[in-house]
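Data first, discussion second: the structure below is written as structure tokens.
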Amino acid sequence: MLRVDKASVWFGARDGKPVHALDRVSLDIPDGAFVVALGTSGCGKSTLLNAMAGFLPLSSGSITLNGHAVEGPGAERGVVFQKDALLPWKTVAENVALGLKFAGRGRKERRERAIELLRLVGLQEFAGSAPYELSGGMRQRVGIARALAPDPAILLMDEPFGALDSMTREAMQELLVDVWARTGKQIFFITHSIEEALFLGTELIVMSPRPGRIVARFDLDFINRFSRDRDARAVKTAPEFTELRERVRAIVHQDEVYGRAAE
Amino acid sequence: MTDIASNAELETPARDIRVVKMRGFGIGERSTVPISIATALVILIAWWAASEAQLVPHLFLPTPKEVFDAALSFWRDGYANATMWEHVSASLIRILSAGAIAIALGVPVGLFMGLSRWAKGVFDTPIEFYWPLPPLAYLPLMIIWLGIGEASKITLLTMAMFAPVAIAAQAGVRSVSLERVNAALSLGANRFQLMRDVVLPSALPEILTGTRIALGVGWSTLVAAELIAATQGIGHFVMSASQFLATDFVFVGIGVIAVCAFAFSFGMRLLERWLVPWKGQS
């Protein structure tokens with residue numbers, strides 16, 4: 001379980017007036033949960049993720065994973081970035097096995113585990129390819145496999161599908177549901193797509209900017225429905241889905257209007 | 001969905017297809033090699049014509065044939081108390097050993113400068129001071145300190161080559177994206193692993209570019225240093241030939257220098273293709 005307790009972040013600004021990026025955000029991510037954070041740009045969702053990953057210290061408050069304070073990046077928290085951040089001088093399999101190399105595992109074990117993970121994301125035949133020979137969607141799948149390799153307790157995903165075309169994106173969403181169902185990892189996922197947020201999460205938090213805070217929380221079940229029936233189209237066109245989508249849209253858009261007025 | 005395409009008649013490719021592509025800008029991808037070869041031929045013919053017709057005094061401009069004969073004689077009998085191979089290898093040993101030292105020192109120092117504020121502050125002072133100086137300006141000092149032998153020349157070359165390598169390695173570290181570093185850290189990398197698996201390979205393209213610049217600088221410094229103080233070496237060969245007004249041998253020396261310099265830059269390009277095939281990708 002990952003616990004964020006009254007986390008606040010102030011950034012220094014050029015004019016000397018600090019920016020309040022995150023305002024006493026509290027959040028629990030229980031084992032096996034898939035929490036999605038939704039919000040317009042500047043709402044502090046990436047700030048929150050960076051703090052969870054340990055890339056950013058908090059101004060106040062605390063983050064703990066299974067009772068241990070987060071004090072920097074570590075292998076128990078896997079991160080998938082918006083831009084894949086793969087190493088171009090290593091093959092796909094070597095990229096996936098990077099975390100195992102850092103952990104001092106042997107060559108044979110690394111190789112086997114990399115192939116296993118590539119099979120999970122459907123890329124086993126690209127093990128020997130260079131990352132730049134792959135398409136954007138494939139690279140993100142490698143990124144997911146790589147983040148899973150050291151067997152982290154939680155997966156932090158920062159708008160991983162934001163740069164993909166909509167068709168690839170939907171395929172990736174379904175793949176991620178499978179990965180989640182099979183590995184049982186807790187996932188914290190950031191997006192600015194309402195539909196993606198509703199489809200993927202077991203819990204949705206909606207964030208609003210200036211200062212970044214959580215303004216709404218919803219429990220979701222669409223992901224389980226998809227896991228059961230395997231029909232994404234039916235899930236996304238169901239009346240409960242579209243109705244909730246409009247409710248969430250109203251909250252997000254309200255923010256946008258207020259946000260613009262404040263600038 | 002209707003299938004419109006299958007109803008339409010397929011356009012049969014005619015024999016005289018006009019293949020098109022986007023209108024380009026500048027020279028595009030069309031090869032310039034034939035033009036360059038033609039230019040070289042024109043220059044050769046102009047040289048031959050000017051020297052045969054005695055348009056300039058023979059002392060200034062020997063004929064192509066004389067230069068060729070001089071090259072043959074240099075190849076067979078040597079010049080200035082050494083064979084051609086002795087001259088060339090003396091120069092190559094100097095530049096290669098100085099280059100090896102410069103890389104062995106410059107890469108770690110540059111990486112360190114890119115990572116540590118203290119290292120940058122400390123090393124910036126001497127490098128920024130001496131790097132803009134022409135190496136020949138401090139050659140006399142090197143000779144006073146280290147004598148006329150190999151030590152002074154190799155030290156001079158090492159100094160000239162060290163700065164571009166160190167500066168490039170430092171720039172390479174700065175070009176490493178924070179995202180890549182964060183990715184490695186969240187995969188559990190320690191500082192050493194971060195350096196070995198992320199920072200050093202990320203900086204490698206810049207280090208190779210720096211090495212290429214260093215070889216250029218080193219080569220010009222070397223020849224100039226040999227003109228002043230050496231008993232062997234390709235620069236010394238040119239110098240002795242000029243003292244006897246043997247213009248044809250001077251031409252040969254310049255040609256040998258050009259061939260060596262070209263071989264170096266060609267070798268560096270091969271090295272880049274082999275070491276950083278991903279350069280420009282992703």
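Every chain in the structure tokens takes a letter, A first, then B, and so on in the order presented; its residues are numbered from 1, and the ligands are numbered from 1 following the presented order.
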Which chain A residues have any atom within 6 Å of an atom of chain B, and for each, what is the nearest pair of atoms with distance in Å to one decimal, counting only C-alpha atoms, rows sorted by chain and number, as CSV?
residue,atom,partner,partner_atom,distance
A:Pro73,CA,B:Ser186,CA,4.9
A:Gly74,CA,B:Ser186,CA,4.7
A:Ala75,CA,B:Gly188,CA,4.4
A:Ala85,CA,B:Arg180,CA,5.2
A:Gly99,CA,B:Leu187,CA,4.7
A:Phe102,CA,B:Ala189,CA,5.3
A:Tyr132,CA,B:Ser282,CA,5.4
Got a sec: who's within 10 Å of Val107 in chain B, counting only C-alpha atoms, leaving out chain neighbours fewer than 6 positions off, as a compact mmCIF listing (two decimals) with all heavy atoms, in the first residue's frame?
# COMPACT_ATOMS: atom_id res chain seq x y z
N MET B 113 33.67 16.98 -14.68
CA MET B 113 33.28 18.39 -14.77
C MET B 113 31.78 18.54 -15.03
O MET B 113 31.14 19.49 -14.58
CB MET B 113 34.04 19.10 -15.89
CG MET B 113 35.48 19.42 -15.54
SD MET B 113 36.36 20.03 -17.01
CE MET B 113 35.73 21.70 -17.09
N PHE B 162 43.85 17.58 -25.25
CA PHE B 162 43.09 17.33 -24.02
C PHE B 162 41.85 18.22 -23.93
O PHE B 162 40.75 17.73 -23.64
CB PHE B 162 44.01 17.58 -22.81
CG PHE B 162 43.30 17.64 -21.50
CD1 PHE B 162 42.99 16.47 -20.81
CD2 PHE B 162 42.93 18.85 -20.93
CE1 PHE B 162 42.33 16.52 -19.60
CE2 PHE B 162 42.27 18.90 -19.71
CZ PHE B 162 41.97 17.73 -19.05
N ALA B 163 42.01 19.51 -24.21
CA ALA B 163 40.91 20.45 -23.99
C ALA B 163 39.66 20.12 -24.81
O ALA B 163 38.57 20.03 -24.25
CB ALA B 163 41.38 21.88 -24.23
N PRO B 164 39.78 19.90 -26.12
CA PRO B 164 38.55 19.58 -26.87
C PRO B 164 37.87 18.30 -26.39
O PRO B 164 36.64 18.23 -26.35
CB PRO B 164 39.01 19.43 -28.32
CG PRO B 164 40.46 19.59 -28.34
CD PRO B 164 40.93 20.09 -27.03
N VAL B 165 38.68 17.29 -25.98
CA VAL B 165 38.08 16.05 -25.50
C VAL B 165 37.33 16.30 -24.18
O VAL B 165 36.18 15.88 -24.02
CB VAL B 165 39.16 14.95 -25.32
CG1 VAL B 165 38.58 13.72 -24.64
CG2 VAL B 165 39.74 14.57 -26.67
N ALA B 166 37.99 17.01 -23.26
CA ALA B 166 37.36 17.26 -21.96
C ALA B 166 36.10 18.11 -22.12
O ALA B 166 35.07 17.83 -21.51
CB ALA B 166 38.35 17.95 -21.03
N ILE B 167 36.18 19.14 -22.97
CA ILE B 167 35.03 20.01 -23.16
C ILE B 167 33.87 19.23 -23.79
O ILE B 167 32.71 19.38 -23.38
CB ILE B 167 35.42 21.23 -24.01
CG1 ILE B 167 36.35 22.14 -23.21
CG2 ILE B 167 34.18 22.01 -24.45
CD1 ILE B 167 37.01 23.24 -24.02
N ALA B 168 34.19 18.34 -24.73
CA ALA B 168 33.13 17.55 -25.37
C ALA B 168 32.50 16.57 -24.38
O ALA B 168 31.28 16.40 -24.37
CB ALA B 168 33.70 16.80 -26.57
N ALA B 169 33.33 15.93 -23.56
CA ALA B 169 32.79 14.98 -22.58
C ALA B 169 31.86 15.69 -21.61
O ALA B 169 30.79 15.19 -21.25
CB ALA B 169 33.92 14.30 -21.82
N GLN B 170 32.26 16.91 -21.22
CA GLN B 170 31.43 17.70 -20.31
C GLN B 170 30.10 18.05 -20.98
O GLN B 170 29.04 17.93 -20.37
CB GLN B 170 32.22 18.96 -19.96
CG GLN B 170 31.54 19.87 -18.99
CD GLN B 170 32.19 21.22 -18.99
OE1 GLN B 170 33.36 21.37 -19.36
NE2 GLN B 170 31.45 22.23 -18.59
N LEU B 200 27.85 7.60 -19.58
CA LEU B 200 28.96 7.45 -20.53
C LEU B 200 28.47 7.14 -21.96
O LEU B 200 28.88 7.82 -22.90
CB LEU B 200 29.95 6.39 -20.03
CG LEU B 200 31.22 6.22 -20.87
CD1 LEU B 200 32.00 7.53 -20.93
CD2 LEU B 200 32.11 5.13 -20.31
N ALA B 203 26.99 10.19 -23.54
CA ALA B 203 27.97 11.23 -23.87
C ALA B 203 28.89 10.80 -25.01
O ALA B 203 29.63 11.62 -25.55
CB ALA B 203 28.80 11.58 -22.62
N LEU B 204 28.85 9.52 -25.36
CA LEU B 204 29.81 8.99 -26.35
C LEU B 204 29.79 9.70 -27.70
O LEU B 204 30.86 10.01 -28.24
CB LEU B 204 29.58 7.49 -26.52
CG LEU B 204 30.72 6.71 -27.15
CD1 LEU B 204 32.01 6.94 -26.38
CD2 LEU B 204 30.41 5.22 -27.17
N ILE B 207 31.72 12.80 -27.23
CA ILE B 207 33.14 12.51 -26.98
C ILE B 207 33.84 12.20 -28.30
O ILE B 207 34.96 12.66 -28.54
CB ILE B 207 33.29 11.34 -25.99
CG1 ILE B 207 32.81 11.77 -24.60
CG2 ILE B 207 34.72 10.85 -25.93
CD1 ILE B 207 32.75 10.65 -23.59
N GLY B 210 34.39 15.34 -30.16
CA GLY B 210 35.51 16.05 -29.54
C GLY B 210 36.84 15.44 -29.95
O GLY B 210 37.82 16.15 -30.22
N THR B 211 36.88 14.10 -30.02
CA THR B 211 38.11 13.41 -30.41
C THR B 211 38.50 13.78 -31.84
O THR B 211 39.67 13.96 -32.16
CB THR B 211 37.92 11.89 -30.29
OG1 THR B 211 37.47 11.60 -28.98
CG2 THR B 211 39.22 11.16 -30.56
Discussion item. Considering only strand (DSSP E or B) as DSSP defines it on the backbone, what residues of range 63-172 of chain A qualify? List them as a PyMOL selection string.
Written reply: chain A and resi 63-65+68-69+77-80+154-158
Discussion item. Would you pick out the contacts of Trp131 in chain B at 9 Å or less, using only C-alpha atoms, so that residues sharing its chain but fewer than 3 positions from it are not included, and give the list as a list in words?
Written reply: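 Here the answer would be Pro126, Ile127, Glu128, Pro134, Pro135, Met159, Ala160, Ala163 and Pro164 of chain B.
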Since we have the selection now, will you write its residues out, keeping all heavy atoms, as an mmCIF file, in the first residue's frame?
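Saved file again36.cif follows:
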data_model
loop_
_atom_site.group_PDB
_atom_site.id
_atom_site.type_symbol
_atom_site.label_atom_id
_atom_site.label_comp_id
_atom_site.auth_asym_id
_atom_site.auth_seq_id
_atom_site.Cartn_x
_atom_site.Cartn_y
_atom_site.Cartn_z
ATOM 1 N N PRO B 126 42.182 26.522 -15.501
ATOM 2 C CA PRO B 126 43.310 26.290 -16.415
ATOM 3 C C PRO B 126 42.879 26.045 -17.863
ATOM 4 O O PRO B 126 43.528 26.533 -18.786
ATOM 5 C CB PRO B 126 43.983 25.041 -15.841
ATOM 6 C CG PRO B 126 42.973 24.392 -14.965
ATOM 7 C CD PRO B 126 42.090 25.483 -14.459
ATOM 8 N N ILE B 127 41.785 25.304 -18.061
ATOM 9 C CA ILE B 127 41.407 24.972 -19.440
ATOM 10 C C ILE B 127 41.011 26.225 -20.203
ATOM 11 O O ILE B 127 41.460 26.464 -21.327
ATOM 12 C CB ILE B 127 40.259 23.933 -19.448
ATOM 13 C CG1 ILE B 127 40.788 22.572 -19.001
ATOM 14 C CG2 ILE B 127 39.663 23.813 -20.844
ATOM 15 C CD1 ILE B 127 39.737 21.494 -18.918
ATOM 16 N N GLU B 128 40.200 27.064 -19.580
ATOM 17 C CA GLU B 128 39.769 28.281 -20.268
ATOM 18 C C GLU B 128 40.947 29.219 -20.511
ATOM 19 O O GLU B 128 40.941 30.016 -21.436
ATOM 20 C CB GLU B 128 38.678 29.011 -19.463
ATOM 21 C CG GLU B 128 37.349 28.278 -19.396
ATOM 22 C CD GLU B 128 36.666 28.160 -20.757
ATOM 23 O OE1 GLU B 128 36.842 29.078 -21.573
ATOM 24 O OE2 GLU B 128 35.979 27.151 -20.992
ATOM 25 N N PRO B 134 47.337 29.558 -29.043
ATOM 26 C CA PRO B 134 47.908 28.675 -30.064
ATOM 27 C C PRO B 134 49.015 27.838 -29.409
ATOM 28 O O PRO B 134 49.868 28.400 -28.716
ATOM 29 C CB PRO B 134 48.509 29.630 -31.096
ATOM 30 C CG PRO B 134 48.235 30.999 -30.611
ATOM 31 C CD PRO B 134 47.616 30.958 -29.267
ATOM 32 N N PRO B 135 48.991 26.507 -29.597
ATOM 33 C CA PRO B 135 49.981 25.645 -28.918
ATOM 34 C C PRO B 135 51.416 26.083 -29.182
ATOM 35 O O PRO B 135 52.275 25.958 -28.308
ATOM 36 C CB PRO B 135 49.702 24.269 -29.512
ATOM 37 C CG PRO B 135 48.278 24.303 -29.924
ATOM 38 C CD PRO B 135 48.001 25.713 -30.347
ATOM 39 N N MET B 159 48.432 18.489 -24.504
ATOM 40 C CA MET B 159 47.721 19.680 -24.025
ATOM 41 C C MET B 159 46.753 20.199 -25.076
ATOM 42 O O MET B 159 45.608 20.551 -24.776
ATOM 43 C CB MET B 159 48.722 20.772 -23.635
ATOM 44 C CG MET B 159 49.405 20.484 -22.313
ATOM 45 S SD MET B 159 50.515 21.801 -21.824
ATOM 46 C CE MET B 159 49.345 23.084 -21.366
ATOM 47 N N ALA B 160 47.208 20.226 -26.332
ATOM 48 C CA ALA B 160 46.342 20.737 -27.394
ATOM 49 C C ALA B 160 45.121 19.848 -27.587
ATOM 50 O O ALA B 160 44.039 20.329 -27.901
ATOM 51 C CB ALA B 160 47.132 20.851 -28.690
ATOM 52 N N ALA B 163 42.008 19.513 -24.211
ATOM 53 C CA ALA B 163 40.907 20.452 -23.986
ATOM 54 C C ALA B 163 39.661 20.119 -24.814
ATOM 55 O O ALA B 163 38.566 20.032 -24.245
ATOM 56 C CB ALA B 163 41.377 21.882 -24.233
ATOM 57 N N PRO B 164 39.782 19.903 -26.123
ATOM 58 C CA PRO B 164 38.549 19.582 -26.867
ATOM 59 C C PRO B 164 37.871 18.302 -26.391
ATOM 60 O O PRO B 164 36.643 18.233 -26.352
ATOM 61 C CB PRO B 164 39.006 19.433 -28.320
ATOM 62 C CG PRO B 164 40.465 19.586 -28.342
ATOM 63 C CD PRO B 164 40.926 20.091 -27.029
#
Within 8 Å of range 134-140 of chain A using only C-alpha atoms, minus same-chain residues under 3 positions, as a PDB file with C-alpha atoms, in the first residue's frame:
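Printed below is out22.pdb as written:
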ATOM      1  CA  VAL A  80       6.707   4.419 -17.129  1.00  0.00           C
ATOM      2  CA  LYS A  83       8.457   9.571 -23.626  1.00  0.00           C
ATOM      3  CA  ASP A  84       9.804   6.049 -23.437  1.00  0.00           C
ATOM      4  CA  LEU A  86      14.734   3.656 -23.562  1.00  0.00           C
ATOM      5  CA  LEU A 123       6.842  -8.263 -28.304  1.00  0.00           C
ATOM      6  CA  SER A 129      15.760  -5.218 -32.209  1.00  0.00           C
ATOM      7  CA  ALA A 130      17.023  -1.715 -31.477  1.00  0.00           C
ATOM      8  CA  PRO A 131      14.468   0.523 -29.713  1.00  0.00           C
ATOM      9  CA  GLY A 143       8.798   0.695 -21.291  1.00  0.00           C
ATOM     10  CA  ILE A 144       6.087  -1.146 -19.374  1.00  0.00           C
ATOM     11  CA  PRO A 160       2.227   6.811 -21.037  1.00  0.00           C
ATOM     12  CA  PHE A 161      -0.187   6.789 -23.961  1.00  0.00           C
ATOM     13  CA  ALA A 163       1.755  10.633 -27.526  1.00  0.00           C
ATOM     14  CA  LEU A 164       0.076   7.707 -29.301  1.00  0.00           C
ATOM     15  CA  THR A 168      -2.886   2.423 -30.843  1.00  0.00           C
ATOM     16  CA  ARG A 169      -3.946   4.039 -27.609  1.00  0.00           C
ATOM     17  CA  MET A 172      -2.540  -0.192 -25.311  1.00  0.00           C
TER      18      MET A 172
END
Discussion item. Report as a list in words all protein, DNA and RNA residues lying within 10 Å of Leu96 in chain B, evaluated on only C-alpha atoms, omitting residues in the same chain fewer than 3 positions from it.
Written reply: Ser91, Leu92, Ile93, Gly99, Ala100, Ile101, Ala102, Ile154, Leu157, Thr158, Leu215, Gly218 and Trp219 of chain B
Worksheet item: In Å, with one decimal, what is the gap from CA of Pro88 in chain A to CA of Phe112 in chain B?
Response: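 Interatomic distance here is 23.3 Å.
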Worksheet entry | Surrounding residues of Glu94 in chain A excluding itself and chain neighbours under 6 positions, 12 Å, only C-alpha atoms, as a VMD selection string | (chain A and resid 86 to 88 100 to 102 107 to 115 117 to 118 126 to 131 142 to 143 145 to 146 149) or (chain B and resid 197)
Worksheet item: Skipping near chain neighbours, those fewer than 4 positions away, what residues fall within 10 Å of Leu175 in chain A using only C-alpha atoms, listed as an MDAnalysis selection string?
Response: chainID A and resid 120:122 141 169:171 179:181
Discussion item. Between A:Ser227, A:Gln254, A:Ser208, A:Asn95, which residue has the minimum interatomic distance to Gly39 in chain A, considering only C-alpha atoms?
Written reply: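 Using only C-alpha atoms, the shortest distance to Gly39 in chain A belongs to A:Ser208.
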Practice prompt. Rank nothing, just name the residue among B:Thr32, B:Ser240, B:Thr221, B:Thr247 nearest to Ala137 in chain B, using only C-alpha atoms.
Written response: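 Closest candidate: B:Thr221.
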Discussion item. Based on the backbone DSSP call, show me all residues of range 16-223 of chain B assigned helix (DSSP H, G or I), as a PyMOL selection string.
Written reply: chain B and resi 33-52+64-77+84-115+117-130+135-146+150-174+178-186+191-223
Worksheet item: Between CA of Ala69 in chain A and CA of Ala147 in chain A, what is the distance, to one decimal in Å?
Response: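 If I compute the distance from CA of Ala69 in chain A to CA of Ala147 in chain A, I get 20.6 Å.
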